[in-house]
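Working notes for the structure below.
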There are 2 protein chains.
Amino acid sequence: MSPLLTLTTVLALVSTAVWADPLPSWSDTGAKTRIISFVEQVTDPASDQYVPPSDRIATFDNDGTLWAEQPLYFQLIFAIDVIGEMAREDPSILTTEALRSAAAKDYKAVLAGGEPAILEIMKLSHSGMTVEAFQARVANWIETATHPQIGLRYDQMTYQPMIELLRYLRDEDFKTYIVSGGGIHFMRVFSDKVYGIPSEQVLGTYTETEYSVENGVPTIIKAPAIGFVDDKEGKPLNIERIIGKRPIIAGGNSDGDFAMLQWTTAGTGPRLGLIIHHTDTEREFAYDRDSHIGQLVDGLDQGADLGWLIVDMAKDWSRIYTGAR
Amino acid sequence: MSPLLTLTTVLALVSTAVWADPLPSWSDTGAKTRIISFVEQVTDPASDQYVPPSDRIATFDNDGTLWAEQPLYFQLIFAIDVIGEMAREDPSILTTEALRSAAAKDYKAVLAGGEPAILEIMKLSHSGMTVEAFQARVANWIETATHPQIGLRYDQMTYQPMIELLRYLRDEDFKTYIVSGGGIHFMRVFSDKVYGIPSEQVLGTYTETEYSVENGVPTIIKAPAIGFVDDKEGKPLNIERIIGKRPIIAGGNSDGDFAMLQWTTAGTGPRLGLIIHHTDTEREFAYDRDSHIGQLVDGLDQGADLGWLIVDMAKDWSRIYTGAR
């Protein structure tokens with residue numbers, strides 16, 4: 001070997017060492033060590049924990065797991081904004097208390113109306129148009145709207161440590177999926193750009209759709225009826241139905257994710273269940289048992305016994321939002 | 001360049017030329033030329049027809065498109081075989097005419113009973129067990145059962161030209177999908193092995209499923225109710241819902257595939273619709289307008305005008321089954 005080649009080799013090794021941390025926004029705590037050790041074991045052909053690439057399925061909740069969800073699910077904020085826009089064009093649509101609260105951006109009043117109010121707002125803003133028209137509206141919103149408290153655009157309020165985890169898993173030949181209570185047509189507008197997750201790997205709640213042909217041109221219209229709610233038991237059922245394989249990693253943050261983690265970690269062989277615990281009042285939000293959104297009781301009571309990794313955002317993450325340091 | 005290197009280069013080129021035909025079981029007719037020309041255009045970055053890999057989605061029907069479907073859908077033959085097995089263990093299950101006909105393998109009587117008879121047989125054979133237990137039964141059947149007329153195992157009755165097409169498309173960075181009226185849990189047992197299509201790329205009809213936990217162990221059970229019928233308009237709707245992208249290639253053989261091809265080829269940019277026309281009495285089966293299975297009327301009447309490629313099995317395929325020359 002020539003001296004020059006040796007030098008190149010040494011430089012290459014140094015460069016590898018510099019880049020070796022796949023999770024730079026995770027603090028050097030047990031959480032990070034455990035994730036990396038799991039991934040190294042399942043990807044090492046010499047390990048008895050080895051899992052072939054075709055079975056390296058990782059599923060993640062979205063709201064509160066990959067991006068923030070306070071003070072309201074961002075999709076509901078979008079829906080409220082849409083009602084406002086629609087009302088400026090045609091005020092006669094504001095036929096109910098819930099819709100009037102939405103048009104006034106009165107989040108408290110909307111929440112006070114409970115599920116019926118939220119459903120009304122979701123239906124009017126999410127149906128009666130083609131999927132393309134709906135998604136054009138989402139695309140415009142995600143590029144312009146900003147969070148009322150934090151001031152960042154919503155697509156900048158993704159969690160940098162989770163973006164790094166998704167990328168790390170894909171680098172290690174995992175297929176990364178979103179499995180969310182959020183709507184598929186909403187999430188798919190930005191999932192590829194923001195998370196590197198293509199539309200065919202986005203599972204979620206969906207409205208019914210209708211196929212119709214006019215003058216030979218087929219269209220798919222979003223109908224008001226909800227077709228499937230991808231929450232709680234719906235998550236493992238949707239995973240089984242669409243992916244057809246049991247994940248080896250699942251991550252969530254609320255009791256809506258409990259069944260998904262339960263199903264995942266009950267499989268034979270190595271499995272990793274992750275709960276993102278919102279503990280950071282200063283940089284994000286701190287909430288769990290009593291929250292109106294993202295309530296977490298079962299995960300805290302049973303997660304540790306089930307071997308799940310409870311990630312403490314304040315302690316385990318050195319950075320929160322992708323859009324801010 | 002040394003003479004040795006030159007020789008190696010020449011040998012490499014010769015070897016490439018020998019292997020250059022991606023579709024050896026397609027005769028040298030216009031159909032083959034058109035498919036290859038389409039794929040070359042959409043994968044050539046210099047072409048104005050270029051499509052990036054992430055949008056190279058190809059969807060194919062299964063019964064009658066990727067494998068045979070006469071004299072009955074193979075999944076129905078499986079169901080009939082299961083009823084026979086179940087009856088040998090417990091004859092008291094044969095409470096109806098349809099179930100007795102199934103236990104006697106009397107296909108004619110089963111068909112004479114129409115849809116209600118078929119549904120009864122499907123429900124009893126396809127529900128009330130875990131997905132794993134059901135799939136173990138399918139796996140055993142596919143390894144042992146043989147076709148009543150052709151004598152081949154069912155997984156040898158896949159069409160060799162279509163297997164080559166699937167492989168060719170994947171080599172050109174397409175994602176290949178099954179979109180079938182057949183059941184997802186049935187097809188996923190053999191789709192990867194037989195077609196190279198993993199379970200997460202198998203869309204189909206499904207029964208409802210139920211999630212339950214006993215002694216901390218979660219299971220997913222197949223329920224009797226049909227959750228979704230992946231046929232006719234259901235195909236584009238399911239593609240939109242699960243894949244979230246419009247395919248650029250779709251292939252089918254019956255009017256159950258019409259809407260999928262219509263949706264696919266109505267998209268902007270290059271699109272290819274394929275109809276497999278069963279014209280080969282000698283090597284396979286010849287049927288279209290009046291068939292009790294795989295009826296093809298609209299595809300023949302409108303397909304050519306819509307620019308679809310109508311594949312003439314007798315003329316365009318030099319070999320039919322994967323399992324026989």
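Letters A, B, ... mark the chains of the structure tokens in the order given; residue numbers begin at 1 per chain; ligand numbers begin at 1, in order shown.
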So that I can see what lies close to segment 97-108 of chain A, please list as a PDB file with N, CA and C atoms, in the first residue's frame the residues with an atom at most 7 Å from it, counting only C-alpha atoms and leaving out residues fewer than 4 positions away in the same chain.
```
ATOM      1  N   ILE A  80     -60.397  24.521  10.704  1.00  0.00           N
ATOM      2  CA  ILE A  80     -60.964  25.773  11.210  1.00  0.00           C
ATOM      3  C   ILE A  80     -60.598  26.934  10.269  1.00  0.00           C
ATOM      4  N   ILE A  83     -62.808  26.724   7.159  1.00  0.00           N
ATOM      5  CA  ILE A  83     -64.165  27.228   7.400  1.00  0.00           C
ATOM      6  C   ILE A  83     -64.164  28.763   7.325  1.00  0.00           C
ATOM      7  N   GLY A  84     -63.137  29.375   7.896  1.00  0.00           N
ATOM      8  CA  GLY A  84     -63.004  30.831   7.825  1.00  0.00           C
ATOM      9  C   GLY A  84     -62.949  31.334   6.388  1.00  0.00           C
ATOM     10  N   ALA A  87     -66.261  30.860   4.649  1.00  0.00           N
ATOM     11  CA  ALA A  87     -67.266  31.818   5.140  1.00  0.00           C
ATOM     12  C   ALA A  87     -67.046  33.204   4.537  1.00  0.00           C
ATOM     13  N   ALA A 112     -65.345  23.201  23.293  1.00  0.00           N
ATOM     14  CA  ALA A 112     -66.486  23.082  24.204  1.00  0.00           C
ATOM     15  C   ALA A 112     -67.637  22.348  23.527  1.00  0.00           C
ATOM     16  N   GLY A 113     -67.712  22.432  22.205  1.00  0.00           N
ATOM     17  CA  GLY A 113     -68.768  21.737  21.451  1.00  0.00           C
ATOM     18  C   GLY A 113     -68.542  20.238  21.359  1.00  0.00           C
ATOM     19  N   ALA A 117     -69.230  18.983  17.370  1.00  0.00           N
ATOM     20  CA  ALA A 117     -68.761  20.237  16.773  1.00  0.00           C
ATOM     21  C   ALA A 117     -67.564  19.975  15.861  1.00  0.00           C
ATOM     22  N   ILE A 121     -67.205  20.489  11.655  1.00  0.00           N
ATOM     23  CA  ILE A 121     -66.144  21.306  11.050  1.00  0.00           C
ATOM     24  C   ILE A 121     -65.307  20.465  10.086  1.00  0.00           C
TER      25      ILE A 121
END
```
Which residues of chain B are close to chain A, meaning at most 6 Å apart when you count only C-alpha atoms, and how do they look as a PyMOL selection string?
chain B and resi 199-200+243-244
Okay, now the selection with N, CA and C atoms, as a PDB file, in the first residue's frame?
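Once everything was written out, this is out_7.pdb:
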```pdb
ATOM      1  N   SER B 199     -46.229  -8.477   0.827  1.00  0.00           N
ATOM      2  CA  SER B 199     -47.612  -8.345   1.310  1.00  0.00           C
ATOM      3  C   SER B 199     -48.097  -6.904   1.302  1.00  0.00           C
ATOM      4  N   GLU B 200     -47.202  -5.942   1.567  1.00  0.00           N
ATOM      5  CA  GLU B 200     -47.633  -4.541   1.610  1.00  0.00           C
ATOM      6  C   GLU B 200     -47.945  -3.990   0.222  1.00  0.00           C
ATOM      7  N   ILE B 243     -52.461   3.426  -1.925  1.00  0.00           N
ATOM      8  CA  ILE B 243     -51.208   3.852  -2.560  1.00  0.00           C
ATOM      9  C   ILE B 243     -51.137   5.381  -2.596  1.00  0.00           C
ATOM     10  N   GLY B 244     -52.269   6.017  -2.876  1.00  0.00           N
ATOM     11  CA  GLY B 244     -52.289   7.480  -2.893  1.00  0.00           C
ATOM     12  C   GLY B 244     -51.622   8.093  -4.114  1.00  0.00           C
TER      13      GLY B 244
END
```
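As for atom CA of Lys222 of chain A and atom CA of Gly183 of chain A, they are spaced 11.6 Å apart.
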Residues of segment 211-241 of chain B classed as strand (DSSP E) by DSSP on the backbone are to be reported as a list in words.
Tyr211, Ser212, Val213, Glu214, Val217, Pro218, Thr219, Ile220, Ile221, Lys222, Ala223, Pro224, Ala225, Ile226, Gly227 and Phe228 of chain B
Store the residues picked out above, limited to C-alpha atoms, as a PDB file, in the first residue's frame.
```pdb
ATOM      1  CA  TYR B 211     -58.644  -7.199  17.645  1.00  0.00           C
ATOM      2  CA  SER B 212     -58.865  -8.886  21.002  1.00  0.00           C
ATOM      3  CA  VAL B 213     -56.517  -9.445  23.909  1.00  0.00           C
ATOM      4  CA  GLU B 214     -56.589 -12.530  26.115  1.00  0.00           C
ATOM      5  CA  VAL B 217     -51.808 -11.735  24.166  1.00  0.00           C
ATOM      6  CA  PRO B 218     -53.388  -9.781  21.302  1.00  0.00           C
ATOM      7  CA  THR B 219     -54.849 -11.621  18.307  1.00  0.00           C
ATOM      8  CA  ILE B 220     -56.511 -10.568  15.059  1.00  0.00           C
ATOM      9  CA  ILE B 221     -59.491 -12.687  14.060  1.00  0.00           C
ATOM     10  CA  LYS B 222     -61.155 -12.869  10.635  1.00  0.00           C
ATOM     11  CA  ALA B 223     -64.837 -11.978  10.998  1.00  0.00           C
ATOM     12  CA  PRO B 224     -67.588 -13.178   8.629  1.00  0.00           C
ATOM     13  CA  ALA B 225     -68.572  -9.706   7.368  1.00  0.00           C
ATOM     14  CA  ILE B 226     -66.960  -8.507   4.163  1.00  0.00           C
ATOM     15  CA  GLY B 227     -65.114  -5.249   4.799  1.00  0.00           C
ATOM     16  CA  PHE B 228     -64.379  -4.178   1.243  1.00  0.00           C
TER      17      PHE B 228
END
```
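Using only C-alpha atoms, the shortest contact distance between Leu272 of chain A and any of A:Thr59, A:Thr29, A:Ser127, A:Thr146 is found at A:Thr59.
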Can you tell me, as a PyMOL selection string, what residues are no more than 10 Å from segment 160-174 of chain A when counting only C-alpha atoms, ignoring any on the same chain fewer than 2 positions away?
chain A and resi 21-27+32+35-36+39-40+42-43+52-60+65-67+156-158+176-177+194-197+248-249+251+276+313+316-325
As an exercise, work out the distance from atom CA of Lys315 of chain B to atom CA of Ser180 of chain B in Å and give it to one decimal place.
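Computing it gives 25.4 Å between the two atoms.
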Using Å and a single decimal, report how far atom CA of Gly182 of chain A sits from atom CA of Ala79 of chain A.
12.1 Å
Polymer residues at most 9 Å from Phe38 of chain A, only C-alpha atoms, same-chain spacing of 6 or more positions, as number ranges by chain
A: 49, 270-272
Would you save the residues from that selection as a JSON list (two decimals), in the first residue's frame, using N, CA and C atoms?
```
[["chain", "number", "residue", "atom", "x", "y", "z"],
["A", 49, "GLN", "N", -30.43, -12.06, 16.76],
["A", 49, "GLN", "CA", -31.59, -11.16, 16.71],
["A", 49, "GLN", "C", -31.81, -10.59, 15.31],
["A", 270, "PRO", "N", -37.08, -9.93, 18.19],
["A", 270, "PRO", "CA", -36.82, -8.59, 18.74],
["A", 270, "PRO", "C", -37.88, -7.57, 18.33],
["A", 271, "ARG", "N", -38.35, -6.81, 19.27],
["A", 271, "ARG", "CA", -39.36, -5.76, 19.01],
["A", 271, "ARG", "C", -39.03, -4.57, 19.88],
["A", 272, "LEU", "N", -39.33, -3.40, 19.37],
["A", 272, "LEU", "CA", -39.11, -2.18, 20.15],
["A", 272, "LEU", "C", -40.36, -1.31, 20.14]]
```
List the spatial neighbours of segment 283-295 of chain A as a PDB file with N, CA and C atoms, in the first residue's frame - criterion: any atom at most 10 Å away, only C-alpha atoms, same-chain residues fewer than 4 positions off excluded.
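Saved file result-v3.pdb follows:
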```
ATOM      1  N   ASP A  63     -49.326  12.753  15.055  1.00  0.00           N
ATOM      2  CA  ASP A  63     -49.584  13.865  15.979  1.00  0.00           C
ATOM      3  C   ASP A  63     -49.020  13.573  17.367  1.00  0.00           C
ATOM      4  N   GLY A  64     -48.093  14.402  17.823  1.00  0.00           N
ATOM      5  CA  GLY A  64     -47.493  14.228  19.144  1.00  0.00           C
ATOM      6  C   GLY A  64     -46.329  13.251  19.144  1.00  0.00           C
ATOM      7  N   THR A  65     -46.096  12.588  17.998  1.00  0.00           N
ATOM      8  CA  THR A  65     -44.977  11.642  17.908  1.00  0.00           C
ATOM      9  C   THR A  65     -43.941  12.129  16.893  1.00  0.00           C
ATOM     10  N   ALA A  68     -45.780  18.251  16.598  1.00  0.00           N
ATOM     11  CA  ALA A  68     -46.537  18.659  17.786  1.00  0.00           C
ATOM     12  C   ALA A  68     -48.047  18.540  17.547  1.00  0.00           C
ATOM     13  N   GLU A  69     -48.819  18.658  18.629  1.00  0.00           N
ATOM     14  CA  GLU A  69     -50.271  18.478  18.520  1.00  0.00           C
ATOM     15  C   GLU A  69     -51.042  19.422  19.450  1.00  0.00           C
ATOM     16  N   GLN A  70     -50.349  20.389  20.017  1.00  0.00           N
ATOM     17  CA  GLN A  70     -51.009  21.335  20.923  1.00  0.00           C
ATOM     18  C   GLN A  70     -51.113  22.717  20.274  1.00  0.00           C
ATOM     19  N   PRO A  71     -52.090  23.525  20.572  1.00  0.00           N
ATOM     20  CA  PRO A  71     -53.207  23.307  21.508  1.00  0.00           C
ATOM     21  C   PRO A  71     -54.316  22.439  20.918  1.00  0.00           C
ATOM     22  N   LEU A  72     -54.254  22.206  19.572  1.00  0.00           N
ATOM     23  CA  LEU A  72     -55.216  21.349  18.877  1.00  0.00           C
ATOM     24  C   LEU A  72     -54.439  20.572  17.831  1.00  0.00           C
ATOM     25  N   TYR A  73     -54.977  19.404  17.423  1.00  0.00           N
ATOM     26  CA  TYR A  73     -54.398  18.713  16.273  1.00  0.00           C
ATOM     27  C   TYR A  73     -54.281  19.716  15.127  1.00  0.00           C
ATOM     28  N   LEU A 111     -63.784  23.460  21.024  1.00  0.00           N
ATOM     29  CA  LEU A 111     -63.550  22.316  21.910  1.00  0.00           C
ATOM     30  C   LEU A 111     -64.730  22.102  22.856  1.00  0.00           C
ATOM     31  N   ILE A 150     -46.248  29.250  18.973  1.00  0.00           N
ATOM     32  CA  ILE A 150     -44.823  29.067  18.691  1.00  0.00           C
ATOM     33  C   ILE A 150     -44.362  29.959  17.532  1.00  0.00           C
ATOM     34  N   MET A 157     -42.608  22.267  12.717  1.00  0.00           N
ATOM     35  CA  MET A 157     -42.825  21.786  14.086  1.00  0.00           C
ATOM     36  C   MET A 157     -42.772  20.266  14.174  1.00  0.00           C
ATOM     37  N   GLY A 252     -45.314   5.800  19.495  1.00  0.00           N
ATOM     38  CA  GLY A 252     -46.494   6.642  19.644  1.00  0.00           C
ATOM     39  C   GLY A 252     -46.339   7.523  20.854  1.00  0.00           C
ATOM     40  N   ASN A 253     -47.385   8.242  21.213  1.00  0.00           N
ATOM     41  CA  ASN A 253     -47.290   9.106  22.390  1.00  0.00           C
ATOM     42  C   ASN A 253     -48.549   9.116  23.251  1.00  0.00           C
ATOM     43  N   SER A 254     -49.610   8.456  22.791  1.00  0.00           N
ATOM     44  CA  SER A 254     -50.851   8.535  23.558  1.00  0.00           C
ATOM     45  C   SER A 254     -51.485   7.153  23.663  1.00  0.00           C
ATOM     46  N   ASP A 255     -52.577   7.087  24.420  1.00  0.00           N
ATOM     47  CA  ASP A 255     -53.257   5.804  24.541  1.00  0.00           C
ATOM     48  C   ASP A 255     -53.907   5.362  23.231  1.00  0.00           C
ATOM     49  N   GLY A 256     -54.060   6.279  22.289  1.00  0.00           N
ATOM     50  CA  GLY A 256     -54.514   5.896  20.951  1.00  0.00           C
ATOM     51  C   GLY A 256     -53.510   4.996  20.253  1.00  0.00           C
ATOM     52  N   ASP A 257     -52.269   4.988  20.751  1.00  0.00           N
ATOM     53  CA  ASP A 257     -51.209   4.154  20.170  1.00  0.00           C
ATOM     54  C   ASP A 257     -50.969   2.869  20.950  1.00  0.00           C
ATOM     55  N   HIS A 277     -42.882  10.758  25.632  1.00  0.00           N
ATOM     56  CA  HIS A 277     -43.553  11.369  26.768  1.00  0.00           C
ATOM     57  C   HIS A 277     -43.292  12.878  26.744  1.00  0.00           C
ATOM     58  N   HIS A 278     -44.358  13.649  26.673  1.00  0.00           N
ATOM     59  CA  HIS A 278     -44.238  15.115  26.570  1.00  0.00           C
ATOM     60  C   HIS A 278     -43.988  15.725  27.945  1.00  0.00           C
ATOM     61  N   THR A 279     -42.715  16.008  28.207  1.00  0.00           N
ATOM     62  CA  THR A 279     -42.301  16.439  29.549  1.00  0.00           C
ATOM     63  C   THR A 279     -41.662  17.818  29.544  1.00  0.00           C
ATOM     64  N   GLY A 299     -50.167   3.845  28.722  1.00  0.00           N
ATOM     65  CA  GLY A 299     -48.767   3.770  28.314  1.00  0.00           C
ATOM     66  C   GLY A 299     -47.826   4.014  29.483  1.00  0.00           C
ATOM     67  N   LEU A 300     -48.211   4.945  30.363  1.00  0.00           N
ATOM     68  CA  LEU A 300     -47.382   5.228  31.544  1.00  0.00           C
ATOM     69  C   LEU A 300     -47.519   4.117  32.584  1.00  0.00           C
ATOM     70  N   MET A 313     -38.884  13.632  26.687  1.00  0.00           N
ATOM     71  CA  MET A 313     -38.473  14.673  25.736  1.00  0.00           C
ATOM     72  C   MET A 313     -37.502  15.681  26.351  1.00  0.00           C
ATOM     73  N   ALA A 314     -37.784  16.097  27.578  1.00  0.00           N
ATOM     74  CA  ALA A 314     -36.933  17.117  28.207  1.00  0.00           C
ATOM     75  C   ALA A 314     -35.514  16.593  28.405  1.00  0.00           C
ATOM     76  N   ARG A 319     -32.629  18.691  21.114  1.00  0.00           N
ATOM     77  CA  ARG A 319     -33.288  19.663  20.241  1.00  0.00           C
ATOM     78  C   ARG A 319     -34.713  19.168  20.012  1.00  0.00           C
ATOM     79  N   ILE A 320     -35.658  20.086  19.832  1.00  0.00           N
ATOM     80  CA  ILE A 320     -37.052  19.668  19.625  1.00  0.00           C
ATOM     81  C   ILE A 320     -37.462  19.848  18.159  1.00  0.00           C
ATOM     82  N   TYR A 321     -37.787  21.061  17.777  1.00  0.00           N
ATOM     83  CA  TYR A 321     -38.363  21.285  16.449  1.00  0.00           C
ATOM     84  C   TYR A 321     -37.309  21.316  15.349  1.00  0.00           C
ATOM     85  N   ARG A 325     -33.635  25.829  16.670  1.00  0.00           N
ATOM     86  CA  ARG A 325     -32.629  25.161  17.499  1.00  0.00           C
ATOM     87  C   ARG A 325     -32.942  25.247  18.973  1.00  0.00           C
TER      88      ARG A 325
END
```
